[in-house]
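Chemist: Before anything else, here's the structure in question.
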Amino acid sequence: YKFLIAYVYSMIKKDINQNDILNSELLNIIDYNYIFDEKPIKRIKTKPTLENSKSRLEALKNKIEAIENCDLKKNASKIVFADGNIQSSIMIIGEGPGQKEDELGKPFVGDAGNLLNKMLKAINIERDKIYITNVVNYRPPNNRKPKPNEINRYAEFLKEHISIIDPKILILMGSTAMEAILGSNKRISKERGIWKEVIIKKKSYKTIVTFHPAYLLRKPDQKKFSWEDLKIIRKEIDQLNIVI
Ligand code: URA
């Protein structure tokens with residue numbers, strides 16, 4: 001993998017120097033849109049006003065509710081949009097609502113939610129102080145994993161959601177959240193616990209992937225890795241002087 005990255009970089013250099021034709025398949029690995037996009041990335045963030053965020057969130061929710069020909073929406077009882085503090089610097093992305101979430105219209109209120117609350121408490125974070133949403137906003141039938149086309153469809157809403165909340169730290173829980181934001185060719189066991197700069201709508205977000213609490217309920221032996229990630233997250237919060 002490292003060799004491939006080195007090769008890709010050498011190809012880019014070659015292109016600049018010798019006008020070679022780039023191997024676009026290899027370049028896909030590092031998402032060349034970000035590299036060759038001419039528009040500047042906004043690195044300095046001015047926090048949106050509360051009123052502005054509220055109305056943009058309301059508009060986004062309406063847009064999701066207007067979605068048509070969606071198997072998720074057809075089978076769900078209501079939308080599960082988000083929960084928490086819309087001005088938080090920390091945003092968590094899960095996969096999609098389960099039965100309890102579908103009943104209550106709130107993300108992470110079932111067993112996985114209870115574990116998430118405990119995980120956050122372990123690093124001194126009260127759940128209601130941060131902001132939580134999912135990739136898909138309607139419960140998949142029988143709690144199946146959202147399909148790639150559904151993930152792609154809802155990823156557009158999710159990216160807008162992230163840009164409205166504009167967090168300093170973005171936490172992707174599980175492979176569905178990872179796929180929606182980082183693409184489908186990644187393995188969670190390799191990506192987790194490493195800070196990444198991810199560009200969404202021309203802004204850069206400090207992002208980390210970690211295991212989903214529902215996965216940890218199924219595989220408790222993986223909790224040790226999750227704990228490593230949580231400590232990494234806490235350290236960054238302290239270094240960035242984020243007040244929660
Ligand atoms: N799992 C998720 O990914 N999201 C929820 O809201 C609940 C369980």
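Chain lettering (A, B, ...) mirrors the order of the structure tokens, residue numbering begins at 1 for each chain separately, and ligand numbering begins at 1 in order of display.
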May I have the residues within 7 Å of ligand 1, computed using only C-alpha atoms and all ligand atoms, as a list in words?

Modeler: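 The distance check yields Gly94, Glu95, Gly96, Pro97, Gly98, Glu101, Lys106, Pro107, Phe108, Val109, Gly110, Ala112, Gly113, Thr133, Asn134 and Ala214 of chain A.
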
Chemist: Go ahead and save the picked residues with N, CA and C atoms, as an mmCIF file, in the first residue's frame.

Modeler:
data_model
loop_
_atom_site.group_PDB
_atom_site.id
_atom_site.type_symbol
_atom_site.label_atom_id
_atom_site.label_comp_id
_atom_site.auth_asym_id
_atom_site.auth_seq_id
_atom_site.Cartn_x
_atom_site.Cartn_y
_atom_site.Cartn_z
ATOM 1 N N GLY A 94 -23.264 7.530 12.809
ATOM 2 C CA GLY A 94 -23.491 6.090 12.895
ATOM 3 C C GLY A 94 -23.951 5.537 11.551
ATOM 4 N N GLU A 95 -24.625 4.410 11.593
ATOM 5 C CA GLU A 95 -25.046 3.770 10.340
ATOM 6 C C GLU A 95 -26.478 4.167 9.960
ATOM 7 N N GLY A 96 -27.419 3.711 10.776
ATOM 8 C CA GLY A 96 -28.815 3.993 10.479
ATOM 9 C C GLY A 96 -29.671 3.566 11.657
ATOM 10 N N PRO A 97 -30.911 4.019 11.695
ATOM 11 C CA PRO A 97 -31.778 3.707 12.842
ATOM 12 C C PRO A 97 -32.089 2.224 12.945
ATOM 13 N N GLY A 98 -32.232 1.753 14.180
ATOM 14 C CA GLY A 98 -32.755 0.420 14.449
ATOM 15 C C GLY A 98 -34.208 0.561 14.884
ATOM 16 N N GLU A 101 -34.915 3.333 17.564
ATOM 17 C CA GLU A 101 -34.712 4.659 16.981
ATOM 18 C C GLU A 101 -35.889 5.011 16.075
ATOM 19 N N LYS A 106 -35.253 9.133 17.217
ATOM 20 C CA LYS A 106 -33.977 9.667 17.716
ATOM 21 C C LYS A 106 -32.867 8.656 17.471
ATOM 22 N N PRO A 107 -31.666 9.119 17.099
ATOM 23 C CA PRO A 107 -30.579 8.148 16.870
ATOM 24 C C PRO A 107 -30.006 7.609 18.173
ATOM 25 N N PHE A 108 -29.493 6.406 18.120
ATOM 26 C CA PHE A 108 -28.747 5.781 19.222
ATOM 27 C C PHE A 108 -29.502 5.824 20.561
ATOM 28 N N VAL A 109 -30.689 5.241 20.567
ATOM 29 C CA VAL A 109 -31.438 5.148 21.822
ATOM 30 C C VAL A 109 -31.667 3.692 22.264
ATOM 31 N N GLY A 110 -31.179 2.728 21.472
ATOM 32 C CA GLY A 110 -31.305 1.314 21.845
ATOM 33 C C GLY A 110 -30.044 0.815 22.542
ATOM 34 N N ALA A 112 -27.171 -0.244 21.292
ATOM 35 C CA ALA A 112 -25.938 0.376 20.773
ATOM 36 C C ALA A 112 -25.797 1.791 21.334
ATOM 37 N N GLY A 113 -26.922 2.464 21.452
ATOM 38 C CA GLY A 113 -26.909 3.820 22.011
ATOM 39 C C GLY A 113 -26.457 3.833 23.464
ATOM 40 N N THR A 133 -25.673 11.866 14.375
ATOM 41 C CA THR A 133 -26.621 11.502 13.317
ATOM 42 C C THR A 133 -26.173 10.178 12.686
ATOM 43 N N ASN A 134 -26.861 9.768 11.648
ATOM 44 C CA ASN A 134 -26.549 8.511 10.951
ATOM 45 C C ASN A 134 -26.366 8.760 9.463
ATOM 46 N N ALA A 214 -22.544 -1.199 17.992
ATOM 47 C CA ALA A 214 -23.292 -2.451 17.753
ATOM 48 C C ALA A 214 -22.322 -3.589 17.427
#

Chemist: List as a list of chain:residue names the protein and nucleic acid residues near segment 48-50 of chain A, meaning an atom at most 8 Å away when only C-alpha atoms are counted, but skip any in the same chain fewer than 6 places from it.

Modeler: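 Result of the neighbour search: A:Ile86, A:Gln87, A:Ile164.
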
Chemist: Do you know which residues are at most 9 Å from Ser184 of chain A counting only C-alpha atoms, after dropping those on the same chain fewer than 5 positions away, and could you put them as a PyMOL selection string?

Modeler: chain A and resi 148+175-176+178-179

Chemist: Can you write just those residues out, C-alpha atoms, as a PDB file, in the first residue's frame?

Modeler:
ATOM      1  CA  PRO A 148     -24.124   0.875  -1.531  1.00  0.00           C
ATOM      2  CA  SER A 175     -18.040   0.727   8.054  1.00  0.00           C
ATOM      3  CA  THR A 176     -21.177   2.394   6.695  1.00  0.00           C
ATOM      4  CA  MET A 178     -16.636   5.198   6.750  1.00  0.00           C
ATOM      5  CA  GLU A 179     -17.939   4.232   3.307  1.00  0.00           C
TER       6      GLU A 179
END

Chemist: How close does each residue of segment 111-218 of chain A get to segment 51-60 of chain A, giving the shortest atom pair and distance in Å to one decimal for every residue with an atom at most 9 Å away, counting only C-alpha atoms, sorted by chain and residue number, as JSON lines?

Modeler:
{"residue": "A:Phe157", "atom": "CA", "partner": "A:Leu60", "partner_atom": "CA", "distance": 7.2}
{"residue": "A:Glu160", "atom": "CA", "partner": "A:Leu60", "partner_atom": "CA", "distance": 7.7}
{"residue": "A:His161", "atom": "CA", "partner": "A:Leu57", "partner_atom": "CA", "distance": 7.2}
{"residue": "A:Ile164", "atom": "CA", "partner": "A:Ser53", "partner_atom": "CA", "distance": 6.0}
{"residue": "A:Ile165", "atom": "CA", "partner": "A:Ser53", "partner_atom": "CA", "distance": 7.0}

Chemist: Pick out the residues sitting within 12 Å of Glu156 of chain A, and hand them over as a PyMOL selection string; count only C-alpha atoms, and ignore anything fewer than 6 positions along from it in its own chain.

Modeler: chain A and resi 60+63-64+135-136+149-150+162-163+180-181+200-201

Chemist: Residues of segment 88-230 of chain A classed as strand (DSSP E) by DSSP on the backbone are to be reported as a list in words.

Modeler: Ile90, Met91, Ile92, Ile93, Gly94, Tyr131, Ile132, Thr133, Asn134, Ile169, Leu170, Ile171, Leu172, Met173, Lys196, Glu197, Val198, Ile199, Ile200, Lys203, Ser204, Tyr205, Lys206, Thr207, Ile208, Val209 and Thr210 of chain A

Chemist: Could you state the separation of atom CA of Ala177 of chain A and atom CA of Ile242 of chain A in Å, given to one decimal place?

Modeler: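 Between atom CA of Ala177 of chain A and atom CA of Ile242 of chain A the gap works out to 23.3 Å.
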
Chemist: Could you give me, as a short mmCIF file (atom, residue, chain, number, x, y, z; two decimals) with all heavy atoms, in the first residue's frame, each residue of segment 162-234 of chain A that DSSP assigns to helix (DSSP H, G or I) when run on this structure's backbone?

Modeler:
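Output contents, as saved in result22.cif:
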data_model
loop_
_atom_site.label_atom_id
_atom_site.label_comp_id
_atom_site.auth_asym_id
_atom_site.auth_seq_id
_atom_site.Cartn_x
_atom_site.Cartn_y
_atom_site.Cartn_z
N ILE A 162 -23.00 17.66 7.70
CA ILE A 162 -21.70 17.93 8.31
C ILE A 162 -21.31 19.39 8.08
O ILE A 162 -20.86 20.08 9.00
CB ILE A 162 -20.62 16.98 7.74
CG1 ILE A 162 -20.90 15.54 8.17
CG2 ILE A 162 -19.21 17.41 8.20
CD1 ILE A 162 -20.13 14.47 7.40
N SER A 163 -21.56 19.88 6.88
CA SER A 163 -21.14 21.26 6.61
C SER A 163 -21.98 22.26 7.39
O SER A 163 -21.51 23.34 7.72
CB SER A 163 -21.09 21.54 5.11
OG SER A 163 -22.33 21.95 4.66
N ILE A 164 -23.21 21.90 7.71
CA ILE A 164 -24.03 22.81 8.55
C ILE A 164 -23.52 22.81 9.98
O ILE A 164 -23.33 23.86 10.60
CB ILE A 164 -25.53 22.39 8.52
CG1 ILE A 164 -26.09 22.50 7.10
CG2 ILE A 164 -26.34 23.27 9.49
CD1 ILE A 164 -27.48 21.89 6.92
N ILE A 165 -23.28 21.64 10.53
CA ILE A 165 -22.81 21.55 11.93
C ILE A 165 -21.38 22.06 12.04
O ILE A 165 -20.99 22.68 13.02
CB ILE A 165 -22.92 20.10 12.45
CG1 ILE A 165 -24.38 19.63 12.43
CG2 ILE A 165 -22.34 19.96 13.87
CD1 ILE A 165 -25.35 20.46 13.27
N SER A 175 -18.43 0.75 9.47
CA SER A 175 -18.04 0.73 8.05
C SER A 175 -18.98 1.53 7.16
O SER A 175 -18.56 2.06 6.14
CB SER A 175 -17.95 -0.72 7.57
OG SER A 175 -19.19 -1.34 7.75
N THR A 176 -20.25 1.64 7.55
CA THR A 176 -21.18 2.39 6.70
C THR A 176 -20.82 3.88 6.71
O THR A 176 -20.77 4.52 5.65
CB THR A 176 -22.64 2.18 7.15
OG1 THR A 176 -22.93 0.79 7.06
CG2 THR A 176 -23.61 2.96 6.31
N ALA A 177 -20.55 4.41 7.90
CA ALA A 177 -20.15 5.83 7.99
C ALA A 177 -18.83 6.05 7.27
O ALA A 177 -18.65 7.05 6.57
CB ALA A 177 -20.05 6.25 9.45
N MET A 178 -17.92 5.09 7.43
CA MET A 178 -16.64 5.20 6.75
C MET A 178 -16.84 5.22 5.23
O MET A 178 -16.26 6.04 4.52
CB MET A 178 -15.74 4.03 7.15
CG MET A 178 -14.38 4.07 6.51
SD MET A 178 -13.33 2.71 7.04
CE MET A 178 -14.14 1.33 6.25
N GLU A 179 -17.69 4.31 4.75
CA GLU A 179 -17.94 4.23 3.31
C GLU A 179 -18.57 5.52 2.77
O GLU A 179 -18.20 6.01 1.70
CB GLU A 179 -18.84 3.02 3.01
CG GLU A 179 -19.04 2.79 1.54
CD GLU A 179 -19.76 1.48 1.26
OE1 GLU A 179 -19.70 0.54 2.09
OE2 GLU A 179 -20.39 1.39 0.19
N ALA A 180 -19.51 6.07 3.53
CA ALA A 180 -20.20 7.28 3.06
C ALA A 180 -19.24 8.45 2.91
O ALA A 180 -19.38 9.26 2.00
CB ALA A 180 -21.33 7.64 4.03
N ILE A 181 -18.25 8.52 3.78
CA ILE A 181 -17.37 9.70 3.78
C ILE A 181 -16.02 9.43 3.11
O ILE A 181 -15.47 10.29 2.45
CB ILE A 181 -17.17 10.22 5.24
CG1 ILE A 181 -18.52 10.65 5.83
CG2 ILE A 181 -16.17 11.36 5.30
CD1 ILE A 181 -19.23 11.76 5.05
N LEU A 182 -15.49 8.22 3.28
CA LEU A 182 -14.14 7.96 2.74
C LEU A 182 -14.15 7.10 1.47
O LEU A 182 -13.11 6.87 0.88
CB LEU A 182 -13.27 7.27 3.79
CG LEU A 182 -13.08 8.00 5.13
CD1 LEU A 182 -12.16 7.19 6.04
CD2 LEU A 182 -12.49 9.38 4.92
N ILE A 188 -12.02 -1.12 7.77
CA ILE A 188 -12.11 -0.39 9.04
C ILE A 188 -10.96 -0.77 9.98
O ILE A 188 -10.43 0.07 10.69
CB ILE A 188 -13.50 -0.57 9.70
CG1 ILE A 188 -13.65 0.41 10.85
CG2 ILE A 188 -13.75 -1.98 10.16
CD1 ILE A 188 -15.08 0.69 11.21
N SER A 189 -10.57 -2.04 9.97
CA SER A 189 -9.50 -2.46 10.87
C SER A 189 -8.18 -1.74 10.55
O SER A 189 -7.32 -1.58 11.40
CB SER A 189 -9.31 -3.97 10.81
OG SER A 189 -9.13 -4.35 9.47
N LYS A 190 -8.05 -1.28 9.30
CA LYS A 190 -6.83 -0.55 8.90
C LYS A 190 -6.96 0.95 9.12
O LYS A 190 -5.99 1.64 9.37
CB LYS A 190 -6.57 -0.79 7.41
CG LYS A 190 -5.69 -1.97 7.14
CD LYS A 190 -5.24 -1.97 5.72
CE LYS A 190 -3.75 -2.06 5.61
NZ LYS A 190 -3.30 -2.00 4.21
N GLU A 191 -8.17 1.45 8.98
CA GLU A 191 -8.37 2.91 9.00
C GLU A 191 -8.59 3.47 10.40
O GLU A 191 -8.39 4.64 10.63
CB GLU A 191 -9.59 3.28 8.12
CG GLU A 191 -9.52 2.83 6.69
CD GLU A 191 -8.39 3.50 5.92
OE1 GLU A 191 -8.06 4.65 6.24
OE2 GLU A 191 -7.83 2.85 5.02
N PRO A 213 -20.58 0.86 18.00
CA PRO A 213 -20.94 0.17 19.25
C PRO A 213 -21.73 -1.12 19.04
O PRO A 213 -21.57 -2.07 19.84
CB PRO A 213 -21.77 1.20 20.03
CG PRO A 213 -21.86 2.42 19.19
CD PRO A 213 -20.96 2.28 18.01
N ALA A 214 -22.54 -1.20 17.99
CA ALA A 214 -23.29 -2.45 17.75
C ALA A 214 -22.32 -3.59 17.43
O ALA A 214 -22.54 -4.75 17.82
CB ALA A 214 -24.30 -2.26 16.61
N TYR A 215 -21.25 -3.27 16.73
CA TYR A 215 -20.21 -4.27 16.42
C TYR A 215 -19.52 -4.70 17.72
O TYR A 215 -19.24 -5.89 17.93
CB TYR A 215 -19.22 -3.65 15.44
CG TYR A 215 -17.98 -4.49 15.17
CD1 TYR A 215 -18.04 -5.61 14.35
CD2 TYR A 215 -16.76 -4.14 15.74
CE1 TYR A 215 -16.90 -6.37 14.10
CE2 TYR A 215 -15.62 -4.89 15.50
CZ TYR A 215 -15.70 -6.01 14.68
OH TYR A 215 -14.57 -6.76 14.45
N LEU A 216 -19.28 -3.74 18.60
CA LEU A 216 -18.62 -4.08 19.88
C LEU A 216 -19.51 -4.96 20.76
O LEU A 216 -19.02 -5.78 21.52
CB LEU A 216 -18.25 -2.80 20.64
CG LEU A 216 -17.25 -1.89 19.93
CD1 LEU A 216 -17.08 -0.58 20.69
CD2 LEU A 216 -15.89 -2.58 19.75
N LEU A 217 -20.84 -4.78 20.61
CA LEU A 217 -21.76 -5.65 21.36
C LEU A 217 -21.66 -7.09 20.85
O LEU A 217 -21.77 -8.04 21.62
CB LEU A 217 -23.20 -5.15 21.25
CG LEU A 217 -23.51 -3.85 22.01
CD1 LEU A 217 -24.91 -3.35 21.68
CD2 LEU A 217 -23.37 -4.06 23.52
N ARG A 218 -21.44 -7.21 19.55
CA ARG A 218 -21.30 -8.56 18.97
C ARG A 218 -19.91 -9.13 19.21
O ARG A 218 -19.73 -10.33 19.33
CB ARG A 218 -21.56 -8.51 17.46
CG ARG A 218 -23.00 -8.21 17.06
CD ARG A 218 -23.25 -8.53 15.59
NE ARG A 218 -22.35 -7.85 14.68
CZ ARG A 218 -22.54 -6.63 14.19
NH1 ARG A 218 -23.62 -5.95 14.54
NH2 ARG A 218 -21.68 -6.09 13.35
N PRO A 220 -17.15 -8.33 21.76
CA PRO A 220 -16.60 -7.57 22.90
C PRO A 220 -15.07 -7.60 22.96
O PRO A 220 -14.48 -6.69 23.53
CB PRO A 220 -17.20 -8.27 24.12
CG PRO A 220 -18.16 -9.27 23.63
CD PRO A 220 -18.07 -9.40 22.15
N ASP A 221 -14.46 -8.60 22.35
CA ASP A 221 -12.98 -8.64 22.39
C ASP A 221 -12.36 -7.48 21.59
O ASP A 221 -11.16 -7.22 21.73
CB ASP A 221 -12.47 -9.99 21.85
CG ASP A 221 -12.91 -10.24 20.43
OD1 ASP A 221 -14.09 -9.97 20.11
OD2 ASP A 221 -12.06 -10.65 19.61
N GLN A 222 -13.16 -6.81 20.80
CA GLN A 222 -12.64 -5.67 20.02
C GLN A 222 -12.68 -4.36 20.82
O GLN A 222 -12.21 -3.32 20.34
CB GLN A 222 -13.45 -5.49 18.73
CG GLN A 222 -13.42 -6.68 17.81
CD GLN A 222 -12.05 -6.94 17.23
OE1 GLN A 222 -11.47 -6.10 16.56
NE2 GLN A 222 -11.49 -8.11 17.53
N LYS A 223 -13.24 -4.43 22.02
CA LYS A 223 -13.39 -3.19 22.80
C LYS A 223 -12.04 -2.56 23.13
O LYS A 223 -11.95 -1.35 23.32
CB LYS A 223 -14.18 -3.46 24.10
CG LYS A 223 -15.67 -3.61 23.87
CD LYS A 223 -16.39 -3.80 25.18
CE LYS A 223 -17.88 -3.97 24.94
NZ LYS A 223 -18.60 -4.39 26.17
N LYS A 224 -11.02 -3.38 23.23
CA LYS A 224 -9.69 -2.83 23.56
C LYS A 224 -9.23 -1.84 22.47
O LYS A 224 -8.61 -0.82 22.77
CB LYS A 224 -8.66 -3.94 23.78
CG LYS A 224 -8.54 -4.94 22.65
CD LYS A 224 -7.56 -6.04 23.03
CE LYS A 224 -7.42 -7.10 21.95
NZ LYS A 224 -8.58 -8.01 21.84
N PHE A 225 -9.57 -2.13 21.21
CA PHE A 225 -9.19 -1.21 20.13
C PHE A 225 -10.02 0.06 20.19
O PHE A 225 -9.54 1.16 19.95
CB PHE A 225 -9.36 -1.89 18.77
CG PHE A 225 -8.51 -3.13 18.63
CD1 PHE A 225 -9.09 -4.38 18.49
CD2 PHE A 225 -7.13 -3.03 18.65
CE1 PHE A 225 -8.30 -5.52 18.37
CE2 PHE A 225 -6.34 -4.17 18.54
CZ PHE A 225 -6.93 -5.41 18.41
N SER A 226 -11.29 -0.15 20.51
CA SER A 226 -12.18 1.00 20.64
C SER A 226 -11.68 1.94 21.74
O SER A 226 -11.69 3.17 21.59
CB SER A 226 -13.58 0.48 20.96
OG SER A 226 -14.42 1.52 21.28
N TRP A 227 -11.21 1.36 22.83
CA TRP A 227 -10.71 2.15 23.94
C TRP A 227 -9.47 2.94 23.51
O TRP A 227 -9.31 4.12 23.87
CB TRP A 227 -10.42 1.24 25.14
CG TRP A 227 -9.84 1.92 26.34
CD1 TRP A 227 -8.73 1.53 27.02
CD2 TRP A 227 -10.34 3.09 27.02
NE1 TRP A 227 -8.50 2.39 28.07
CE2 TRP A 227 -9.47 3.36 28.09
CE3 TRP A 227 -11.43 3.94 26.80
CZ2 TRP A 227 -9.65 4.43 28.95
CZ3 TRP A 227 -11.62 5.02 27.65
CH2 TRP A 227 -10.74 5.26 28.71
N GLU A 228 -8.61 2.33 22.71
CA GLU A 228 -7.44 3.06 22.16
C GLU A 228 -7.93 4.28 21.38
O GLU A 228 -7.40 5.38 21.54
CB GLU A 228 -6.64 2.16 21.20
CG GLU A 228 -5.91 0.99 21.84
CD GLU A 228 -4.95 1.45 22.92
OE1 GLU A 228 -4.24 2.44 22.67
OE2 GLU A 228 -4.92 0.84 24.00
N ASP A 229 -8.92 4.06 20.54
CA ASP A 229 -9.43 5.16 19.70
C ASP A 229 -10.05 6.26 20.57
O ASP A 229 -9.84 7.45 20.30
CB ASP A 229 -10.51 4.64 18.72
CG ASP A 229 -9.94 3.59 17.76
OD1 ASP A 229 -8.70 3.44 17.72
OD2 ASP A 229 -10.74 2.92 17.09
N LEU A 230 -10.77 5.86 21.57
CA LEU A 230 -11.41 6.86 22.44
C LEU A 230 -10.35 7.73 23.13
O LEU A 230 -10.52 8.95 23.26
CB LEU A 230 -12.29 6.18 23.49
CG LEU A 230 -13.59 5.56 22.95
CD1 LEU A 230 -14.25 4.68 24.01
CD2 LEU A 230 -14.56 6.64 22.49
N LYS A 231 -9.26 7.10 23.54
CA LYS A 231 -8.20 7.88 24.18
C LYS A 231 -7.55 8.85 23.19
O LYS A 231 -7.22 9.98 23.54
CB LYS A 231 -7.14 6.94 24.79
CG LYS A 231 -7.63 6.29 26.09
CD LYS A 231 -6.52 5.54 26.80
CE LYS A 231 -6.19 4.26 26.08
NZ LYS A 231 -5.22 3.40 26.74
N ILE A 232 -7.41 8.40 21.95
CA ILE A 232 -6.84 9.27 20.90
C ILE A 232 -7.77 10.47 20.67
O ILE A 232 -7.33 11.61 20.52
CB ILE A 232 -6.65 8.46 19.58
CG1 ILE A 232 -5.50 7.45 19.76
CG2 ILE A 232 -6.40 9.37 18.39
CD1 ILE A 232 -5.39 6.42 18.65
N ILE A 233 -9.07 10.19 20.69
CA ILE A 233 -10.05 11.28 20.49
C ILE A 233 -9.98 12.28 21.65
O ILE A 233 -9.94 13.48 21.46
CB ILE A 233 -11.48 10.68 20.35
CG1 ILE A 233 -11.59 9.89 19.05
CG2 ILE A 233 -12.54 11.77 20.43
CD1 ILE A 233 -12.82 9.01 18.93
N ARG A 234 -9.92 11.74 22.87
CA ARG A 234 -9.86 12.63 24.04
C ARG A 234 -8.62 13.52 24.01
O ARG A 234 -8.67 14.71 24.32
CB ARG A 234 -9.87 11.78 25.33
CG ARG A 234 -9.86 12.57 26.60
CD ARG A 234 -11.18 13.31 26.82
NE ARG A 234 -11.01 14.72 27.01
CZ ARG A 234 -12.01 15.55 27.32
NH1 ARG A 234 -13.25 15.10 27.45
NH2 ARG A 234 -11.80 16.82 27.45
#

Chemist: Choose the residue, out of A:Met91, A:Leu120, A:Leu104, A:Ile151, that has the smallest atom-to-atom separation from Leu170 of chain A; count only C-alpha atoms.

Modeler: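 Closest candidate: A:Met91.
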